[in-house]
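Novice: This is the content of final02.tsv (TSV, C-alpha atoms):
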chain	number	residue	atom	x	y	z
Y	48	MET	CA	108.06	112.97	139.27
Y	49	HIS	CA	110.82	115.58	139.05
Y	50	GLY	CA	113.43	112.83	138.73
Y	51	ASN	CA	111.73	111.45	135.60
Y	52	TYR	CA	111.38	114.93	134.14
Y	53	ARG	CA	115.10	115.60	134.58
Y	54	LEU	CA	115.96	112.21	133.08
Y	55	TRP	CA	113.85	112.95	130.03
Y	56	LEU	CA	115.51	116.35	129.63
Y	57	VAL	CA	118.95	114.72	129.76
Y	58	VAL	CA	117.91	112.09	127.21
Y	59	LEU	CA	116.45	114.76	124.94
Y	60	ALA	CA	119.61	116.87	125.20
Y	61	VAL	CA	121.80	113.88	124.34
Y	62	LEU	CA	119.63	113.00	121.35
Y	63	LEU	CA	119.76	116.56	120.08
Y	64	LEU	CA	123.54	116.59	120.31
Y	65	LEU	CA	123.96	113.35	118.36
Y	66	PRO	CA	124.66	113.62	114.65
Y	67	ALA	CA	121.55	113.37	112.49
Y	68	GLU	CA	122.75	110.08	111.04
Y	69	LEU	CA	124.91	107.63	112.88
Y	70	VAL	CA	124.83	105.42	109.79
Y	71	PRO	CA	124.06	106.95	106.40
Y	72	GLN	CA	120.50	106.06	105.44
Y	73	ASP	CA	121.44	105.20	101.86
Y	74	ALA	CA	124.29	102.87	102.86
Y	75	VAL	CA	124.04	99.17	102.10
Y	76	ALA	CA	125.75	96.83	104.57
Y	77	PRO	CA	129.24	95.86	103.33
Y	78	GLU	CA	128.52	92.10	103.13
Y	79	LYS	CA	125.34	92.75	101.14
Y	80	GLN	CA	127.28	95.04	98.78
Y	81	ALA	CA	129.91	92.35	98.24
Y	82	ASP	CA	127.25	89.69	97.70
Y	83	LEU	CA	125.34	91.72	95.08
Y	84	LEU	CA	128.47	92.89	93.27
Y	85	PHE	CA	129.85	89.34	93.08
Y	86	LYS	CA	126.51	88.05	91.77
Y	87	ALA	CA	126.65	90.69	89.06
Y	88	LEU	CA	130.23	89.75	88.16
Y	89	GLY	CA	128.91	86.27	87.47
Y	90	TYR	CA	127.02	87.80	84.52
Y	91	ASP	CA	130.23	89.23	82.97
Y	92	ARG	CA	131.25	87.22	79.90
Y	93	ASN	CA	134.73	88.81	80.10
Y	94	LEU	CA	135.40	88.01	83.77
Y	95	LYS	CA	137.89	85.20	83.21
Y	96	LYS	CA	139.69	87.29	80.58
Y	97	ARG	CA	139.70	90.35	82.86
Y	98	ALA	CA	140.86	88.38	85.90
Y	99	PRO	CA	142.45	85.10	84.75
Y	100	LYS	CA	144.27	84.51	88.05
Y	101	GLY	CA	141.57	85.87	90.30
Y	102	ILE	CA	139.61	88.94	91.23
Y	103	ARG	CA	141.76	91.53	92.98
Y	104	ILE	CA	139.82	94.54	94.20
Y	105	ALA	CA	141.48	97.73	95.40
Y	106	VAL	CA	139.15	99.65	97.71
Y	107	VAL	CA	140.12	103.23	96.94
Y	108	HIS	CA	139.44	105.72	99.71
Y	109	GLN	CA	140.58	109.09	101.01
Y	110	ASP	CA	140.87	109.53	104.76
Y	111	ALA	CA	138.24	106.89	105.52
Y	112	ALA	CA	138.07	103.46	107.06
Y	113	ALA	CA	138.02	100.93	104.24
Y	114	ALA	CA	138.34	97.89	106.50
Y	115	PRO	CA	134.62	96.93	106.63
Y	116	ILE	CA	134.17	96.64	102.85
Y	117	VAL	CA	137.60	95.01	102.39
Y	118	ALA	CA	136.69	92.40	105.02
Y	119	ALA	CA	133.29	91.87	103.38
Y	120	PHE	CA	134.83	91.34	99.93
Y	121	ASN	CA	137.30	88.83	101.36
Y	122	LYS	CA	134.65	87.01	103.41
Y	123	VAL	CA	131.96	86.79	100.73
Y	124	GLY	CA	134.55	86.17	98.02
Y	125	ALA	CA	135.95	83.16	99.87
Y	126	ALA	CA	133.32	81.12	98.05
Y	127	LYS	CA	134.87	82.33	94.75
Y	128	VAL	CA	133.21	83.97	91.76
Y	129	LYS	CA	132.95	81.77	88.67
Y	130	GLY	CA	135.68	79.62	90.21
Y	131	LEU	CA	138.03	82.59	90.58
Y	132	PRO	CA	139.59	83.45	93.94
Y	133	VAL	CA	138.86	86.88	95.37
Y	134	ALA	CA	141.16	89.21	97.30
Y	135	ALA	CA	140.57	92.81	98.35
Y	136	MET	CA	142.89	95.45	99.74
Y	137	ALA	CA	142.55	99.04	100.94
Y	138	LEU	CA	144.33	101.68	98.89
Y	139	GLU	CA	144.37	105.34	99.89
Y	140	PHE	CA	144.21	107.49	96.77
Y	141	LYS	CA	147.05	109.98	96.57
Y	142	ASP	CA	147.56	110.56	92.85
Y	143	VAL	CA	146.94	109.00	89.44
Y	144	LYS	CA	150.60	108.04	88.88
Y	145	THR	CA	150.76	105.92	92.04
Y	146	LEU	CA	147.47	104.24	91.15
Y	147	LEU	CA	148.66	103.55	87.60
Y	148	ASP	CA	151.94	102.10	88.89
Y	149	LYS	CA	150.01	99.68	91.12
Y	150	ALA	CA	147.65	98.78	88.26
Y	151	ASN	CA	150.58	98.16	85.91
Y	152	ALA	CA	152.20	95.96	88.57
Y	153	GLY	CA	149.03	93.84	88.56
Y	154	GLU	CA	148.13	94.56	92.18
Y	155	PHE	CA	144.43	94.83	91.28
Y	156	ASN	CA	142.09	94.37	88.34
Y	157	MET	CA	139.02	96.16	89.75
Y	158	LEU	CA	138.48	99.32	91.76
Y	159	TYR	CA	135.84	99.80	94.41
Y	160	ILE	CA	135.52	103.57	94.86
Y	161	ASP	CA	134.54	104.53	98.40
Y	162	VAL	CA	132.35	107.64	98.76
Y	163	SER	CA	135.26	109.30	100.58
Y	164	ALA	CA	137.11	109.37	97.21
Y	165	ARG	CA	134.25	111.02	95.31
Y	166	GLY	CA	136.30	114.22	94.92
Y	167	ALA	CA	138.86	112.28	92.88
Y	168	LEU	CA	136.26	110.53	90.70
Y	169	SER	CA	137.38	112.04	87.38
Y	170	SER	CA	141.02	111.07	88.09
Y	171	LEU	CA	139.95	107.56	89.08
Y	172	GLN	CA	137.89	107.27	85.90
Y	173	GLN	CA	141.00	108.10	83.84
Y	174	VAL	CA	142.60	105.02	85.34
Y	175	THR	CA	139.60	102.67	85.12
Y	176	ARG	CA	138.81	103.62	81.55
Y	177	GLY	CA	142.40	103.78	80.35
Y	178	LYS	CA	143.33	100.42	81.89
Y	179	LYS	CA	139.90	98.76	81.36
Y	180	LEU	CA	139.51	98.22	85.11
Y	181	LEU	CA	136.00	97.68	86.34
Y	182	SER	CA	134.79	100.46	88.67
Y	183	LEU	CA	132.49	99.46	91.52
Y	184	GLY	CA	130.85	101.43	94.30
Y	185	GLY	CA	128.45	101.29	97.20
Y	186	ASN	CA	126.53	104.39	96.22
Y	187	GLY	CA	124.03	104.84	93.38
Y	188	GLU	CA	125.00	108.48	92.87
Y	189	LEU	CA	128.59	107.48	92.07
Y	190	VAL	CA	127.29	105.11	89.41
Y	191	LYS	CA	125.19	107.90	87.94
Y	192	GLN	CA	128.38	110.00	87.87
Y	193	GLY	CA	130.30	107.37	85.92
Y	194	LEU	CA	131.14	104.21	87.87
Y	195	ALA	CA	130.25	101.02	85.99
Y	196	MET	CA	128.41	99.20	88.76
Y	197	GLY	CA	127.24	99.76	92.30
Y	198	VAL	CA	124.75	99.05	95.04
Y	199	TYR	CA	122.17	101.39	96.57
Y	200	LEU	CA	119.07	101.23	98.75
Y	201	ASP	CA	115.67	101.42	97.09
Y	202	LYS	CA	112.85	101.67	99.66
Y	203	GLY	CA	115.06	99.90	102.17
Y	204	SER	CA	116.10	97.06	99.85
Y	205	PRO	CA	119.61	96.75	98.39
Y	206	ARG	CA	119.63	97.04	94.59
Y	207	LEU	CA	122.28	96.70	91.95
Y	208	ILE	CA	122.73	99.60	89.51
Y	209	ILE	CA	124.73	99.48	86.28
Y	210	ASN	CA	125.86	102.41	84.16
Y	211	ARG	CA	125.84	100.85	80.67
Y	212	ARG	CA	128.04	103.48	79.09
Y	213	ALA	CA	130.75	103.23	81.77
Y	214	ALA	CA	130.49	99.43	81.82
Y	215	LYS	CA	131.06	99.25	78.06
Y	216	ILE	CA	134.04	101.62	78.18
Y	217	GLU	CA	135.60	99.52	80.98
Y	218	GLY	CA	135.11	96.28	79.03
Y	219	LEU	CA	132.22	94.80	80.98
Y	220	ASP	CA	130.23	92.40	78.76
Y	221	LEU	CA	127.06	91.51	80.64
Y	222	VAL	CA	124.54	88.91	79.58
Y	223	PRO	CA	121.06	90.42	79.09
Y	224	ALA	CA	119.66	88.48	82.07
Y	225	ILE	CA	121.45	90.96	84.38
Y	226	GLU	CA	118.47	93.26	83.92
Y	227	LEU	CA	116.44	90.84	86.04
Y	228	ILE	CA	118.50	91.76	89.10
Y	229	ALA	CA	119.72	95.27	88.26
Y	230	THR	CA	118.61	98.78	87.45
Y	231	THR	CA	120.44	100.00	84.37
Y	232	ILE	CA	121.12	103.56	83.29
Y	233	LYS	CA	122.45	104.72	79.95
Spell out the structure here as structure tokens.

Specialist:
Amino acid sequence: MHGNYRLWLVVLAVLLLLPAELVPQDAVAPEKQADLLFKALGYDRNLKKRAPKGIRIAVVHQDAAAAPIVAAFNKVGAAKVKGLPVAAMALEFKDVKTLLDKANAGEFNMLYIDVSARGALSSLQQVTRGKKLLSLGGNGELVKQGLAMGVYLDKGSPRLIINRRAAKIEGLDLVPAIELIATTIK
């Protein structure tokens, strides 16, 4: 009996020492994010004008692992979006000038903003709005703060969220049917 008691105490101590969340509760799995975001891009009437040679997504992060979402974009995008090839790359945000230089060089035509880069959101928005680059994210709060489109969990189900104002500024022209699969905010 004492052996079981000690075992339970050890288990309890270990559980108490673990972080409260091993995986953020509001996080959508990377492949599901990519799938929903690519479905939404299919509703963009300007997609082929925005990305005539293919969709190139820069996953902007700060001191975080961007590999899972980059891999998901590349895997899910292998099937193409509206016939356009998809490629994603990780890009650590250092400053606006470096980001602008890469945008001007045509290295990407969309930005996925990782939550680790939320502190640089206003700087990133200068770039996305100035260059008409679509801003994407995996967090509903970032969309509420000004990203054009993102994915969040609603009662355990992944949902698409679109910020109409940001989407319009960044040149996104969505067909009205998008509202069947997305939550929109003004």

Novice: For Ala152 of chain Y, which residue among Y:Lys178, Y:Gln80, Y:Gln172, Y:Lys215 is the nearest when counting all atoms listed in the file?

Specialist: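 The shortest atom-to-atom distance to Ala152 of chain Y comes from Y:Lys178.
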
Novice: When distances are computed from all atoms listed in the file, which of Y:Val107, Y:Ala214, Y:Pro223, Y:Gly130 shows the smallest separation from Leu171 of chain Y?

Specialist: Y:Val107

Novice: Would you mind telling me which residue in Y:Asp91, Y:Asp82, Y:Glu139, Y:Asp220 lies nearest to Arg206 of chain Y when using all atoms listed in the file?

Specialist: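 Looking at the shortest contact to Arg206 of chain Y, the residue is Y:Asp82.
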
Novice: Which polymer residues have any atom within 10 Å of an atom of segment 115-120 of chain Y, counting all atoms listed in the file, with same-chain residues fewer than 3 positions away left out, as a VMD selection string?

Specialist: chain Y and resid 76 to 82 84 to 85 103 to 106 112 123 to 125 133 to 137 159 161 185

Novice: Taking C-alpha atoms for each residue, export the selection above as a short mmCIF file (atom, residue, chain, number, x, y, z; two decimals), in the frame of the given file.

Specialist:
data_model
loop_
_atom_site.label_atom_id
_atom_site.label_comp_id
_atom_site.auth_asym_id
_atom_site.auth_seq_id
_atom_site.Cartn_x
_atom_site.Cartn_y
_atom_site.Cartn_z
CA ALA Y 76 125.75 96.83 104.57
CA PRO Y 77 129.24 95.86 103.33
CA GLU Y 78 128.52 92.10 103.13
CA LYS Y 79 125.34 92.75 101.14
CA GLN Y 80 127.28 95.04 98.78
CA ALA Y 81 129.91 92.35 98.24
CA ASP Y 82 127.25 89.69 97.70
CA LEU Y 84 128.47 92.89 93.27
CA PHE Y 85 129.85 89.34 93.08
CA ARG Y 103 141.76 91.53 92.98
CA ILE Y 104 139.82 94.54 94.20
CA ALA Y 105 141.48 97.73 95.40
CA VAL Y 106 139.15 99.65 97.71
CA ALA Y 112 138.07 103.46 107.06
CA VAL Y 123 131.96 86.79 100.73
CA GLY Y 124 134.55 86.17 98.02
CA ALA Y 125 135.95 83.16 99.87
CA VAL Y 133 138.86 86.88 95.37
CA ALA Y 134 141.16 89.21 97.30
CA ALA Y 135 140.57 92.81 98.35
CA MET Y 136 142.89 95.45 99.74
CA ALA Y 137 142.55 99.04 100.94
CA TYR Y 159 135.84 99.80 94.41
CA ASP Y 161 134.54 104.53 98.40
CA GLY Y 185 128.45 101.29 97.20
#

Novice: Taking the point (120.4, 103.9, 81.9) as given in the file, collect each protein or nucleic acid residue that comes within 10 Å of it, counting all atoms listed in the file, and present the set as an mmCIF file with C-alpha atoms, keeping the file's coordinate frame.

Specialist:
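The result, written out as selection-v5.cif:
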data_model
loop_
_atom_site.group_PDB
_atom_site.id
_atom_site.type_symbol
_atom_site.label_atom_id
_atom_site.label_comp_id
_atom_site.auth_asym_id
_atom_site.auth_seq_id
_atom_site.Cartn_x
_atom_site.Cartn_y
_atom_site.Cartn_z
ATOM 1 C CA LYS Y 191 125.190 107.900 87.940
ATOM 2 C CA ILE Y 208 122.730 99.600 89.510
ATOM 3 C CA ILE Y 209 124.730 99.480 86.280
ATOM 4 C CA ASN Y 210 125.860 102.410 84.160
ATOM 5 C CA ARG Y 211 125.840 100.850 80.670
ATOM 6 C CA ARG Y 212 128.040 103.480 79.090
ATOM 7 C CA THR Y 230 118.610 98.780 87.450
ATOM 8 C CA THR Y 231 120.440 100.000 84.370
ATOM 9 C CA ILE Y 232 121.120 103.560 83.290
ATOM 10 C CA LYS Y 233 122.450 104.720 79.950
#

Novice: Report, in Å to a single decimal, how far apart atom CA of Ala126 of chain Y and atom CA of Gly193 of chain Y are.

Specialist: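 Atom CA of Ala126 of chain Y lies 29.1 Å from atom CA of Gly193 of chain Y.
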
Novice: Between Y:Gln109, Y:Ser163, Y:Gln173, Y:Asn93, which residue has the minimum interatomic distance to Leu189 of chain Y, considering all atoms listed in the file?

Specialist: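 Closest residue, counting all atoms listed in the file: Y:Ser163.
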
Novice: With distances taken over all atoms listed in the file, which residue among Y:Val143, Y:Ala213, Y:Val75, Y:Val162 lies nearest Ser182 of chain Y?

Specialist: Y:Ala213

Novice: Mind giving me the straight-line distance from atom CA of Asn121 of chain Y to atom CA of Ile102 of chain Y in Å, one decimal?

Specialist: 10.4 Å

Novice: Have a look at atom CA of Leu207 of chain Y and atom CA of Val190 of chain Y and let me know their distance in Å, one decimal.

Specialist: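 Separation of atom CA of Leu207 of chain Y and atom CA of Val190 of chain Y: 10.1 Å.
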